[in-house]
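Dumped upload_33.cif below, it's mmCIF, N, CA and C atoms:
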```cif
data_input
loop_
_atom_site.label_atom_id
_atom_site.label_comp_id
_atom_site.auth_asym_id
_atom_site.auth_seq_id
_atom_site.Cartn_x
_atom_site.Cartn_y
_atom_site.Cartn_z
N MET A 28 126.88 81.75 -14.09
CA MET A 28 127.94 82.53 -14.69
C MET A 28 128.04 83.90 -14.04
N ALA A 29 126.91 84.49 -13.71
CA ALA A 29 126.94 85.80 -13.06
C ALA A 29 127.64 85.72 -11.70
N ARG A 30 127.48 84.62 -11.02
CA ARG A 30 128.15 84.44 -9.73
C ARG A 30 129.67 84.45 -9.92
N ILE A 31 130.16 83.70 -10.90
CA ILE A 31 131.60 83.65 -11.16
C ILE A 31 132.10 85.03 -11.57
N GLU A 32 131.36 85.73 -12.42
CA GLU A 32 131.74 87.10 -12.82
C GLU A 32 131.86 87.98 -11.58
N GLY A 33 130.85 87.93 -10.73
CA GLY A 33 130.82 88.78 -9.55
C GLY A 33 131.94 88.48 -8.56
N GLU A 34 132.35 87.22 -8.51
CA GLU A 34 133.44 86.82 -7.61
C GLU A 34 134.82 87.09 -8.22
N SER A 35 134.86 87.36 -9.52
CA SER A 35 136.13 87.45 -10.22
C SER A 35 136.51 88.86 -10.66
N TYR A 36 135.54 89.72 -10.82
CA TYR A 36 135.79 91.07 -11.30
C TYR A 36 135.25 92.08 -10.30
N PRO A 37 135.84 93.27 -10.25
CA PRO A 37 135.25 94.34 -9.43
C PRO A 37 133.82 94.63 -9.91
N PRO A 38 132.95 95.12 -9.05
CA PRO A 38 131.55 95.35 -9.42
C PRO A 38 131.36 96.16 -10.70
N ALA A 39 132.18 97.15 -10.94
CA ALA A 39 132.02 98.00 -12.13
C ALA A 39 132.39 97.26 -13.43
N GLU A 40 133.11 96.15 -13.31
CA GLU A 40 133.56 95.39 -14.48
C GLU A 40 132.74 94.13 -14.73
N ALA A 41 132.17 93.56 -13.70
CA ALA A 41 131.45 92.29 -13.83
C ALA A 41 130.14 92.47 -14.59
N ALA A 42 129.88 91.54 -15.49
CA ALA A 42 128.60 91.54 -16.20
C ALA A 42 127.49 91.14 -15.23
N SER A 43 126.37 91.80 -15.33
CA SER A 43 125.23 91.50 -14.47
C SER A 43 124.54 90.22 -14.95
N ARG A 44 123.71 89.68 -14.09
CA ARG A 44 122.92 88.50 -14.45
C ARG A 44 122.08 88.80 -15.70
N GLU A 45 121.50 89.99 -15.74
CA GLU A 45 120.65 90.38 -16.88
C GLU A 45 121.47 90.48 -18.17
N SER A 46 122.65 91.06 -18.07
CA SER A 46 123.52 91.20 -19.23
C SER A 46 123.94 89.83 -19.76
N ILE A 47 124.33 88.95 -18.87
CA ILE A 47 124.73 87.61 -19.30
C ILE A 47 123.55 86.87 -19.92
N ALA A 48 122.38 86.99 -19.32
CA ALA A 48 121.18 86.33 -19.88
C ALA A 48 120.89 86.83 -21.29
N LYS A 49 121.01 88.14 -21.51
CA LYS A 49 120.77 88.71 -22.84
C LYS A 49 121.81 88.21 -23.83
N ARG A 50 123.05 88.10 -23.42
CA ARG A 50 124.10 87.57 -24.28
C ARG A 50 123.81 86.12 -24.67
N VAL A 51 123.46 85.31 -23.68
CA VAL A 51 123.16 83.89 -23.96
C VAL A 51 121.99 83.78 -24.93
N GLU A 52 120.99 84.61 -24.73
CA GLU A 52 119.82 84.60 -25.60
C GLU A 52 120.18 85.03 -27.03
N THR A 53 121.04 86.02 -27.16
CA THR A 53 121.35 86.61 -28.46
C THR A 53 122.46 85.87 -29.21
N PHE A 54 123.49 85.43 -28.50
CA PHE A 54 124.60 84.75 -29.18
C PHE A 54 125.12 83.56 -28.37
N PRO A 55 124.28 82.53 -28.21
CA PRO A 55 124.72 81.35 -27.44
C PRO A 55 125.93 80.66 -28.06
N GLU A 56 126.11 80.81 -29.37
CA GLU A 56 127.24 80.18 -30.05
C GLU A 56 128.58 80.82 -29.66
N CYS A 57 128.52 81.92 -28.96
CA CYS A 57 129.74 82.63 -28.54
C CYS A 57 130.00 82.46 -27.05
N PHE A 58 129.53 81.34 -26.49
CA PHE A 58 129.81 80.97 -25.11
C PHE A 58 130.50 79.61 -25.11
N TRP A 59 131.59 79.52 -24.36
CA TRP A 59 132.30 78.27 -24.17
C TRP A 59 132.37 78.05 -22.67
N ILE A 60 131.86 76.91 -22.22
CA ILE A 60 131.66 76.69 -20.78
C ILE A 60 132.35 75.42 -20.33
N TRP A 61 133.04 75.50 -19.19
CA TRP A 61 133.64 74.33 -18.55
C TRP A 61 132.73 73.97 -17.37
N GLU A 62 132.15 72.81 -17.46
CA GLU A 62 131.21 72.37 -16.43
C GLU A 62 131.64 71.00 -15.92
N GLU A 63 131.56 70.82 -14.63
CA GLU A 63 131.84 69.53 -14.00
C GLU A 63 130.76 69.24 -12.98
N GLU A 64 130.18 68.06 -13.09
CA GLU A 64 129.14 67.62 -12.16
C GLU A 64 128.05 68.66 -11.98
N GLY A 65 127.63 69.28 -13.09
CA GLY A 65 126.54 70.24 -13.07
C GLY A 65 126.90 71.63 -12.59
N GLU A 66 128.17 71.87 -12.32
CA GLU A 66 128.60 73.19 -11.85
C GLU A 66 129.50 73.84 -12.90
N ILE A 67 129.20 75.09 -13.23
CA ILE A 67 130.03 75.84 -14.15
C ILE A 67 131.26 76.33 -13.38
N LEU A 68 132.44 75.94 -13.87
CA LEU A 68 133.68 76.31 -13.20
C LEU A 68 134.43 77.42 -13.93
N ALA A 69 134.21 77.51 -15.24
CA ALA A 69 134.91 78.53 -16.03
C ALA A 69 134.11 78.76 -17.30
N PHE A 70 134.30 79.93 -17.90
CA PHE A 70 133.66 80.18 -19.19
C PHE A 70 134.35 81.34 -19.90
N ILE A 71 134.13 81.36 -21.21
CA ILE A 71 134.57 82.44 -22.08
C ILE A 71 133.35 82.86 -22.88
N ASN A 72 133.16 84.15 -23.05
CA ASN A 72 132.08 84.60 -23.91
C ASN A 72 132.49 85.87 -24.64
N GLY A 73 131.79 86.11 -25.73
CA GLY A 73 132.05 87.28 -26.54
C GLY A 73 130.99 87.41 -27.60
N MET A 74 131.25 88.26 -28.58
CA MET A 74 130.31 88.46 -29.68
C MET A 74 131.07 88.63 -30.98
N ALA A 75 130.39 88.40 -32.08
CA ALA A 75 131.00 88.58 -33.41
C ALA A 75 130.58 89.94 -33.97
N THR A 76 131.49 90.53 -34.73
CA THR A 76 131.25 91.84 -35.32
C THR A 76 132.19 92.04 -36.50
N ASN A 77 131.88 93.02 -37.32
CA ASN A 77 132.80 93.42 -38.38
C ASN A 77 133.66 94.60 -37.95
N GLU A 78 133.42 95.11 -36.76
CA GLU A 78 134.25 96.19 -36.23
C GLU A 78 135.59 95.62 -35.80
N ARG A 79 136.65 96.39 -35.99
CA ARG A 79 138.00 95.91 -35.68
C ARG A 79 138.37 96.04 -34.20
N ASP A 80 137.73 96.94 -33.48
CA ASP A 80 138.12 97.21 -32.10
C ASP A 80 136.96 96.99 -31.15
N LEU A 81 137.30 96.53 -29.96
CA LEU A 81 136.29 96.30 -28.93
C LEU A 81 135.89 97.63 -28.31
N ARG A 82 134.60 97.92 -28.37
CA ARG A 82 134.05 99.16 -27.79
C ARG A 82 133.27 98.82 -26.53
N ASP A 83 133.26 99.75 -25.59
CA ASP A 83 132.55 99.53 -24.33
C ASP A 83 131.07 99.21 -24.53
N GLU A 84 130.44 99.80 -25.55
CA GLU A 84 129.01 99.56 -25.79
C GLU A 84 128.71 98.08 -26.07
N MET A 85 129.69 97.37 -26.59
CA MET A 85 129.48 95.96 -26.93
C MET A 85 129.16 95.11 -25.70
N TYR A 86 129.68 95.50 -24.55
CA TYR A 86 129.45 94.73 -23.34
C TYR A 86 127.97 94.67 -22.96
N GLU A 87 127.25 95.75 -23.18
CA GLU A 87 125.86 95.83 -22.74
C GLU A 87 124.84 95.80 -23.87
N ARG A 88 125.28 95.91 -25.10
CA ARG A 88 124.34 95.96 -26.22
C ARG A 88 124.48 94.71 -27.08
N ALA A 89 123.83 93.64 -26.63
CA ALA A 89 123.92 92.35 -27.32
C ALA A 89 123.48 92.44 -28.77
N GLU A 90 122.61 93.40 -29.08
CA GLU A 90 122.11 93.53 -30.45
C GLU A 90 123.20 93.95 -31.43
N LEU A 91 124.37 94.34 -30.94
CA LEU A 91 125.48 94.68 -31.84
C LEU A 91 126.15 93.43 -32.42
N HIS A 92 125.79 92.27 -31.91
CA HIS A 92 126.33 91.00 -32.41
C HIS A 92 125.90 90.79 -33.86
N ASP A 93 126.84 90.40 -34.69
CA ASP A 93 126.58 90.03 -36.08
C ASP A 93 127.12 88.62 -36.27
N PRO A 94 126.24 87.63 -36.40
CA PRO A 94 126.72 86.25 -36.50
C PRO A 94 127.69 86.01 -37.65
N ARG A 95 127.65 86.88 -38.66
CA ARG A 95 128.57 86.75 -39.79
C ARG A 95 129.82 87.62 -39.62
N GLY A 96 129.95 88.26 -38.47
CA GLY A 96 131.08 89.14 -38.22
C GLY A 96 132.41 88.41 -38.34
N VAL A 97 133.41 89.13 -38.83
CA VAL A 97 134.71 88.52 -39.08
C VAL A 97 135.63 88.56 -37.86
N TRP A 98 135.27 89.34 -36.85
CA TRP A 98 136.05 89.41 -35.62
C TRP A 98 135.23 88.88 -34.45
N LEU A 99 135.86 88.09 -33.60
CA LEU A 99 135.25 87.67 -32.34
C LEU A 99 135.82 88.56 -31.26
N MET A 100 134.95 89.28 -30.55
CA MET A 100 135.35 90.13 -29.44
C MET A 100 135.08 89.37 -28.15
N LEU A 101 136.12 89.07 -27.39
CA LEU A 101 135.94 88.34 -26.13
C LEU A 101 135.69 89.31 -24.99
N PHE A 102 134.68 88.99 -24.19
CA PHE A 102 134.33 89.83 -23.04
C PHE A 102 134.87 89.25 -21.73
N SER A 103 134.60 87.99 -21.49
CA SER A 103 134.99 87.36 -20.23
C SER A 103 135.78 86.09 -20.50
N VAL A 104 136.91 85.99 -19.85
CA VAL A 104 137.68 84.75 -19.76
C VAL A 104 137.85 84.56 -18.27
N VAL A 105 137.04 83.68 -17.69
CA VAL A 105 136.95 83.69 -16.23
C VAL A 105 136.81 82.28 -15.67
N THR A 106 137.50 82.06 -14.56
CA THR A 106 137.41 80.81 -13.81
C THR A 106 137.05 81.18 -12.38
N GLY A 107 136.17 80.41 -11.80
CA GLY A 107 135.73 80.69 -10.44
C GLY A 107 136.87 80.59 -9.43
N PRO A 108 136.79 81.39 -8.38
CA PRO A 108 137.80 81.33 -7.31
C PRO A 108 137.93 79.91 -6.77
N GLY A 109 139.13 79.53 -6.45
CA GLY A 109 139.37 78.18 -5.94
C GLY A 109 139.53 77.16 -7.05
N ARG A 110 139.29 77.55 -8.28
CA ARG A 110 139.40 76.64 -9.43
C ARG A 110 140.45 77.13 -10.43
N ARG A 111 141.12 78.20 -10.09
CA ARG A 111 142.08 78.83 -11.01
C ARG A 111 143.41 78.09 -11.02
N HIS A 112 144.20 78.37 -12.05
CA HIS A 112 145.55 77.82 -12.21
C HIS A 112 145.55 76.30 -12.33
N GLN A 113 144.49 75.77 -12.93
CA GLN A 113 144.39 74.33 -13.16
C GLN A 113 144.21 74.02 -14.65
N GLY A 114 144.34 75.05 -15.51
CA GLY A 114 144.33 74.83 -16.95
C GLY A 114 142.98 74.95 -17.63
N ARG A 115 141.93 75.25 -16.90
CA ARG A 115 140.61 75.32 -17.51
C ARG A 115 140.49 76.48 -18.51
N ALA A 116 140.91 77.67 -18.11
CA ALA A 116 140.82 78.83 -19.00
C ALA A 116 141.67 78.61 -20.25
N SER A 117 142.84 78.03 -20.08
CA SER A 117 143.71 77.75 -21.23
C SER A 117 143.06 76.75 -22.18
N ALA A 118 142.48 75.71 -21.62
CA ALA A 118 141.81 74.70 -22.47
C ALA A 118 140.63 75.32 -23.21
N LEU A 119 139.85 76.13 -22.51
CA LEU A 119 138.73 76.80 -23.17
C LEU A 119 139.23 77.75 -24.27
N MET A 120 140.29 78.48 -23.99
CA MET A 120 140.82 79.41 -24.99
C MET A 120 141.28 78.65 -26.24
N ARG A 121 141.94 77.54 -26.06
CA ARG A 121 142.35 76.74 -27.23
C ARG A 121 141.13 76.31 -28.04
N ARG A 122 140.05 75.95 -27.37
CA ARG A 122 138.82 75.56 -28.06
C ARG A 122 138.21 76.74 -28.81
N VAL A 123 138.15 77.90 -28.17
CA VAL A 123 137.63 79.11 -28.80
C VAL A 123 138.41 79.40 -30.08
N LEU A 124 139.72 79.36 -29.98
CA LEU A 124 140.56 79.69 -31.14
C LEU A 124 140.41 78.66 -32.25
N GLU A 125 140.34 77.40 -31.88
CA GLU A 125 140.16 76.35 -32.87
C GLU A 125 138.83 76.51 -33.61
N GLU A 126 137.76 76.76 -32.88
CA GLU A 126 136.44 76.91 -33.49
C GLU A 126 136.31 78.20 -34.29
N SER A 127 137.05 79.23 -33.90
CA SER A 127 136.95 80.53 -34.57
C SER A 127 137.81 80.63 -35.82
N ARG A 128 138.84 79.83 -35.90
CA ARG A 128 139.81 79.92 -36.98
C ARG A 128 139.17 79.82 -38.36
N GLU A 129 138.17 78.98 -38.52
CA GLU A 129 137.52 78.79 -39.82
C GLU A 129 136.52 79.89 -40.16
N LYS A 130 135.95 80.52 -39.15
CA LYS A 130 134.86 81.48 -39.36
C LYS A 130 135.27 82.94 -39.31
N ARG A 131 136.39 83.24 -38.69
CA ARG A 131 136.73 84.63 -38.38
C ARG A 131 138.11 85.01 -38.93
N GLU A 132 138.32 86.30 -39.06
CA GLU A 132 139.66 86.80 -39.38
C GLU A 132 140.55 86.76 -38.15
N GLY A 133 139.92 86.84 -36.99
CA GLY A 133 140.69 86.78 -35.76
C GLY A 133 139.86 87.06 -34.53
N VAL A 134 140.55 87.19 -33.42
CA VAL A 134 139.92 87.37 -32.11
C VAL A 134 140.56 88.59 -31.44
N VAL A 135 139.72 89.40 -30.79
CA VAL A 135 140.18 90.59 -30.08
C VAL A 135 139.70 90.50 -28.64
N LEU A 136 140.54 90.94 -27.72
CA LEU A 136 140.13 91.01 -26.31
C LEU A 136 140.84 92.19 -25.68
N THR A 137 140.36 92.58 -24.53
CA THR A 137 141.07 93.55 -23.71
C THR A 137 141.41 92.87 -22.39
N CYS A 138 142.55 93.25 -21.83
CA CYS A 138 142.95 92.67 -20.56
C CYS A 138 143.77 93.68 -19.78
N LYS A 139 143.99 93.37 -18.55
CA LYS A 139 144.84 94.20 -17.71
C LYS A 139 146.30 93.81 -17.96
N GLU A 140 147.18 94.72 -17.62
CA GLU A 140 148.61 94.56 -17.94
C GLU A 140 149.18 93.22 -17.46
N GLU A 141 148.77 92.78 -16.28
CA GLU A 141 149.33 91.55 -15.72
C GLU A 141 148.95 90.28 -16.50
N LEU A 142 147.99 90.39 -17.43
CA LEU A 142 147.57 89.23 -18.22
C LEU A 142 148.10 89.24 -19.65
N LEU A 143 148.91 90.24 -19.99
CA LEU A 143 149.46 90.31 -21.35
C LEU A 143 150.24 89.04 -21.70
N GLY A 144 151.03 88.54 -20.78
CA GLY A 144 151.81 87.33 -21.02
C GLY A 144 150.95 86.10 -21.20
N PHE A 145 149.90 85.98 -20.40
CA PHE A 145 149.00 84.83 -20.52
C PHE A 145 148.43 84.76 -21.93
N TYR A 146 147.87 85.87 -22.41
CA TYR A 146 147.26 85.87 -23.74
C TYR A 146 148.31 85.80 -24.85
N GLY A 147 149.48 86.34 -24.58
CA GLY A 147 150.57 86.27 -25.54
C GLY A 147 150.95 84.83 -25.85
N ARG A 148 150.81 83.93 -24.89
CA ARG A 148 151.13 82.51 -25.12
C ARG A 148 150.24 81.88 -26.18
N PHE A 149 149.07 82.45 -26.41
CA PHE A 149 148.16 81.92 -27.43
C PHE A 149 148.38 82.59 -28.79
N GLY A 150 149.26 83.56 -28.83
CA GLY A 150 149.54 84.26 -30.08
C GLY A 150 148.93 85.65 -30.18
N PHE A 151 148.21 86.08 -29.13
CA PHE A 151 147.67 87.43 -29.13
C PHE A 151 148.81 88.44 -29.05
N VAL A 152 148.65 89.55 -29.75
CA VAL A 152 149.65 90.61 -29.77
C VAL A 152 149.02 91.87 -29.19
N SER A 153 149.73 92.50 -28.27
CA SER A 153 149.22 93.73 -27.66
C SER A 153 149.26 94.87 -28.67
N GLU A 154 148.17 95.61 -28.72
CA GLU A 154 148.10 96.82 -29.55
C GLU A 154 148.18 98.08 -28.68
N GLY A 155 148.57 97.89 -27.43
CA GLY A 155 148.71 99.02 -26.50
C GLY A 155 147.45 99.27 -25.71
N VAL A 156 147.45 100.39 -25.02
CA VAL A 156 146.30 100.74 -24.17
C VAL A 156 145.07 100.93 -25.05
N SER A 157 144.00 100.30 -24.65
CA SER A 157 142.73 100.34 -25.37
C SER A 157 142.00 101.66 -25.09
N ALA A 158 141.12 102.01 -26.02
CA ALA A 158 140.23 103.16 -25.80
C ALA A 158 139.16 102.81 -24.77
N SER A 159 139.01 101.54 -24.45
CA SER A 159 138.00 101.10 -23.49
C SER A 159 138.28 101.68 -22.11
N ALA A 160 137.21 102.14 -21.49
CA ALA A 160 137.29 102.61 -20.11
C ALA A 160 136.35 101.76 -19.24
N HIS A 161 136.03 100.57 -19.70
CA HIS A 161 135.09 99.68 -19.02
C HIS A 161 135.45 99.54 -17.54
N GLY A 162 134.51 99.86 -16.70
CA GLY A 162 134.70 99.74 -15.26
C GLY A 162 135.70 100.71 -14.67
N GLY A 163 136.15 101.68 -15.46
CA GLY A 163 137.10 102.66 -14.97
C GLY A 163 138.53 102.15 -14.89
N SER A 164 138.82 101.02 -15.56
CA SER A 164 140.16 100.44 -15.51
C SER A 164 140.95 100.74 -16.78
N VAL A 165 142.26 100.51 -16.70
CA VAL A 165 143.13 100.61 -17.88
C VAL A 165 143.20 99.22 -18.51
N TRP A 166 142.87 99.16 -19.78
CA TRP A 166 142.84 97.90 -20.53
C TRP A 166 143.81 97.96 -21.70
N TYR A 167 144.34 96.82 -22.04
CA TYR A 167 145.19 96.68 -23.22
C TYR A 167 144.43 95.86 -24.24
N GLN A 168 144.38 96.34 -25.47
CA GLN A 168 143.72 95.57 -26.52
C GLN A 168 144.73 94.60 -27.11
N MET A 169 144.29 93.36 -27.25
CA MET A 169 145.12 92.32 -27.85
C MET A 169 144.37 91.71 -29.02
N ARG A 170 145.13 91.33 -30.04
CA ARG A 170 144.52 90.78 -31.26
C ARG A 170 145.30 89.55 -31.71
N LEU A 171 144.55 88.55 -32.13
CA LEU A 171 145.12 87.35 -32.75
C LEU A 171 144.51 87.25 -34.14
N LYS A 172 145.33 87.38 -35.16
CA LYS A 172 144.86 87.31 -36.55
C LYS A 172 145.06 85.90 -37.07
N PHE A 173 144.02 85.39 -37.74
CA PHE A 173 144.12 84.08 -38.39
C PHE A 173 144.54 84.22 -39.84
N ARG A 174 144.21 85.35 -40.47
CA ARG A 174 144.55 85.59 -41.87
C ARG A 174 145.06 86.99 -42.05
#
```

Let me see the file written as structure tokens.
Amino acid sequence: MARIEGESYPPAEAASRESIAKRVETFPECFWIWEEEGEILAFINGMATNERDLRDEMYERAELHDPRGVWLMLFSVVTGPGRRHQGRASALMRRVLEESREKREGVVLTCKEELLGFYGRFGFVSEGVSASAHGGSVWYQMRLKFR
């Protein structure tokens, strides 16, 4: 997963191998993985919390995860290079939303402007520019409410 992150995001934005390992150890139930023939091709991960907004500290502080949290904060929605635009991320997102609908009030993510339409197709609504400065980029916070 760290390889896909590193190939997909600028260095300041990509989760490190250590960060991903800590996430998997702390909240494995918040990872959705597309694997074919033993190779991970795409994945989505995040953490649960009772906080309404995604904060930069959440990316590196796995201990902020609350398994009973009412919001799922998504960190990575990523498909490896050469495997994109084949529906894997969309299929994983539908699974994330289906599994989260019963347990959570909703799902929050941040994305770059060019992905607002992609997430909008799933029902996410932009709340404007996020307070997040993760990796020095401009992010838009999007929210999908189930209730």

Exercise for the section: Could you jot down the atom N of Glu87 (chain A) to CA of Arg50 (chain A) separation for me, Å, one decimal place? Expected result: 8.8 Å

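Separating CA of Leu136 (chain A) from CA of Ala39 (chain A) is a distance of 17.8 Å.
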
Handout entry: Residues of region 29-106 of chain A in alpha helix (DSSP H), written as a list of chain:residue names
Key =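 Selection result, alpha helix (DSSP H) within region 29-106 of chain A: A:Ala29, A:Arg30, A:Ile31, A:Glu32, A:Gly33, A:Glu34, A:Ser35, A:Arg44, A:Glu45, A:Ser46, A:Ile47, A:Ala48, A:Lys49, A:Arg50, A:Val51, A:Glu52, A:Thr53, A:Glu84, A:Met85, A:Tyr86, A:Glu87.
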
Exercise for the section: Write out as number ranges by chain which residues come within 7 Å of region 64-81 of chain A when counting only N, CA and C atoms, dropping same-chain ones fewer than 3 positions away. Expected result: A: 28, 54, 57-61, 84-85, 91-107, 110, 115-116, 119, 135-136, 159

Practice task
Report as a list of chain:residue names the residues that result from applying the PyMOL selection byres ((chain A and resi 151-153) around 5) to the structure here.
Solution key: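 Checked against the file, the PyMOL selection byres ((chain A and resi 151-153) around 5) matches A:Tyr146, A:Gly147, A:Phe149, A:Gly150, A:Glu154, A:Gly155, A:Gln168, A:Met169, A:Arg170, A:Leu171.
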
Handout entry: Residues in the PyMOL selection byres ((chain A and resi 173) around 5), expressed as a PyMOL selection string
Key = chain A and resi 132-133+171-172+174

How big is the axis-aligned box around the listed atoms of region 75-94 of chain A once 5 Å is added on each side, and where is its centre? Give both in Å to one decimal, as JSON.
```
{"center_x": 130.2, "center_y": 92.9, "center_z": -30.6, "size_x": 26.3, "size_y": 23.8, "size_z": 25.6}
```

Please rebuild region 32-40 of chain A with all heavy atoms and give the result as a PDB file, keeping the file's coordinate frame.
```pdb
ATOM      1  N   GLU A  32     131.360  85.730 -12.420  1.00  0.00           N
ATOM      2  CA  GLU A  32     131.740  87.100 -12.820  1.00  0.00           C
ATOM      3  C   GLU A  32     131.860  87.980 -11.580  1.00  0.00           C
ATOM      4  O   GLU A  32     132.836  88.702 -11.416  1.00  0.00           O
ATOM      5  CB  GLU A  32     130.686  87.709 -13.752  1.00  0.00           C
ATOM      6  CG  GLU A  32     130.766  87.264 -15.161  1.00  0.00           C
ATOM      7  CD  GLU A  32     131.536  88.215 -16.069  1.00  0.00           C
ATOM      8  OE1 GLU A  32     131.577  89.440 -15.817  1.00  0.00           O
ATOM      9  OE2 GLU A  32     132.100  87.711 -17.037  1.00  0.00           O
ATOM     10  N   GLY A  33     130.850  87.930 -10.730  1.00  0.00           N
ATOM     11  CA  GLY A  33     130.820  88.780  -9.550  1.00  0.00           C
ATOM     12  C   GLY A  33     131.940  88.480  -8.560  1.00  0.00           C
ATOM     13  O   GLY A  33     132.413  89.368  -7.864  1.00  0.00           O
ATOM     14  N   GLU A  34     132.350  87.220  -8.510  1.00  0.00           N
ATOM     15  CA  GLU A  34     133.440  86.820  -7.610  1.00  0.00           C
ATOM     16  C   GLU A  34     134.820  87.090  -8.220  1.00  0.00           C
ATOM     17  O   GLU A  34     135.815  87.061  -7.506  1.00  0.00           O
ATOM     18  CB  GLU A  34     133.327  85.331  -7.292  1.00  0.00           C
ATOM     19  CG  GLU A  34     132.113  84.969  -6.466  1.00  0.00           C
ATOM     20  CD  GLU A  34     131.931  83.468  -6.308  1.00  0.00           C
ATOM     21  OE1 GLU A  34     132.579  82.683  -7.022  1.00  0.00           O
ATOM     22  OE2 GLU A  34     131.103  83.086  -5.453  1.00  0.00           O
ATOM     23  N   SER A  35     134.860  87.360  -9.520  1.00  0.00           N
ATOM     24  CA  SER A  35     136.130  87.450 -10.220  1.00  0.00           C
ATOM     25  C   SER A  35     136.510  88.860 -10.660  1.00  0.00           C
ATOM     26  O   SER A  35     137.687  89.134 -10.903  1.00  0.00           O
ATOM     27  CB  SER A  35     136.113  86.542 -11.447  1.00  0.00           C
ATOM     28  OG  SER A  35     135.859  85.207 -11.054  1.00  0.00           O
ATOM     29  N   TYR A  36     135.540  89.720 -10.820  1.00  0.00           N
ATOM     30  CA  TYR A  36     135.790  91.070 -11.300  1.00  0.00           C
ATOM     31  C   TYR A  36     135.250  92.080 -10.300  1.00  0.00           C
ATOM     32  O   TYR A  36     134.267  91.803  -9.600  1.00  0.00           O
ATOM     33  CB  TYR A  36     135.083  91.315 -12.637  1.00  0.00           C
ATOM     34  CG  TYR A  36     135.582  90.462 -13.778  1.00  0.00           C
ATOM     35  CD1 TYR A  36     134.780  89.464 -14.324  1.00  0.00           C
ATOM     36  CD2 TYR A  36     136.840  90.672 -14.339  1.00  0.00           C
ATOM     37  CE1 TYR A  36     135.222  88.690 -15.387  1.00  0.00           C
ATOM     38  CE2 TYR A  36     137.281  89.906 -15.402  1.00  0.00           C
ATOM     39  CZ  TYR A  36     136.476  88.914 -15.916  1.00  0.00           C
ATOM     40  OH  TYR A  36     136.911  88.146 -16.970  1.00  0.00           O
ATOM     41  N   PRO A  37     135.840  93.270 -10.250  1.00  0.00           N
ATOM     42  CA  PRO A  37     135.250  94.340  -9.430  1.00  0.00           C
ATOM     43  C   PRO A  37     133.820  94.630  -9.910  1.00  0.00           C
ATOM     44  O   PRO A  37     133.503  94.400 -11.092  1.00  0.00           O
ATOM     45  CB  PRO A  37     136.160  95.541  -9.698  1.00  0.00           C
ATOM     46  CG  PRO A  37     137.450  94.960 -10.188  1.00  0.00           C
ATOM     47  CD  PRO A  37     137.070  93.698 -10.913  1.00  0.00           C
ATOM     48  N   PRO A  38     132.950  95.120  -9.050  1.00  0.00           N
ATOM     49  CA  PRO A  38     131.550  95.350  -9.420  1.00  0.00           C
ATOM     50  C   PRO A  38     131.360  96.160 -10.700  1.00  0.00           C
ATOM     51  O   PRO A  38     130.464  95.864 -11.491  1.00  0.00           O
ATOM     52  CB  PRO A  38     130.976  96.080  -8.208  1.00  0.00           C
ATOM     53  CG  PRO A  38     131.821  95.619  -7.069  1.00  0.00           C
ATOM     54  CD  PRO A  38     133.201  95.429  -7.637  1.00  0.00           C
ATOM     55  N   ALA A  39     132.180  97.150 -10.940  1.00  0.00           N
ATOM     56  CA  ALA A  39     132.020  98.000 -12.130  1.00  0.00           C
ATOM     57  C   ALA A  39     132.390  97.260 -13.430  1.00  0.00           C
ATOM     58  O   ALA A  39     132.019  97.690 -14.512  1.00  0.00           O
ATOM     59  CB  ALA A  39     132.862  99.259 -12.003  1.00  0.00           C
ATOM     60  N   GLU A  40     133.110  96.150 -13.310  1.00  0.00           N
ATOM     61  CA  GLU A  40     133.560  95.390 -14.480  1.00  0.00           C
ATOM     62  C   GLU A  40     132.740  94.130 -14.730  1.00  0.00           C
ATOM     63  O   GLU A  40     132.664  93.658 -15.858  1.00  0.00           O
ATOM     64  CB  GLU A  40     135.028  94.991 -14.329  1.00  0.00           C
ATOM     65  CG  GLU A  40     135.970  96.151 -14.259  1.00  0.00           C
ATOM     66  CD  GLU A  40     137.392  95.750 -13.922  1.00  0.00           C
ATOM     67  OE1 GLU A  40     137.723  94.540 -13.996  1.00  0.00           O
ATOM     68  OE2 GLU A  40     138.165  96.639 -13.574  1.00  0.00           O
TER      69      GLU A  40
END
```
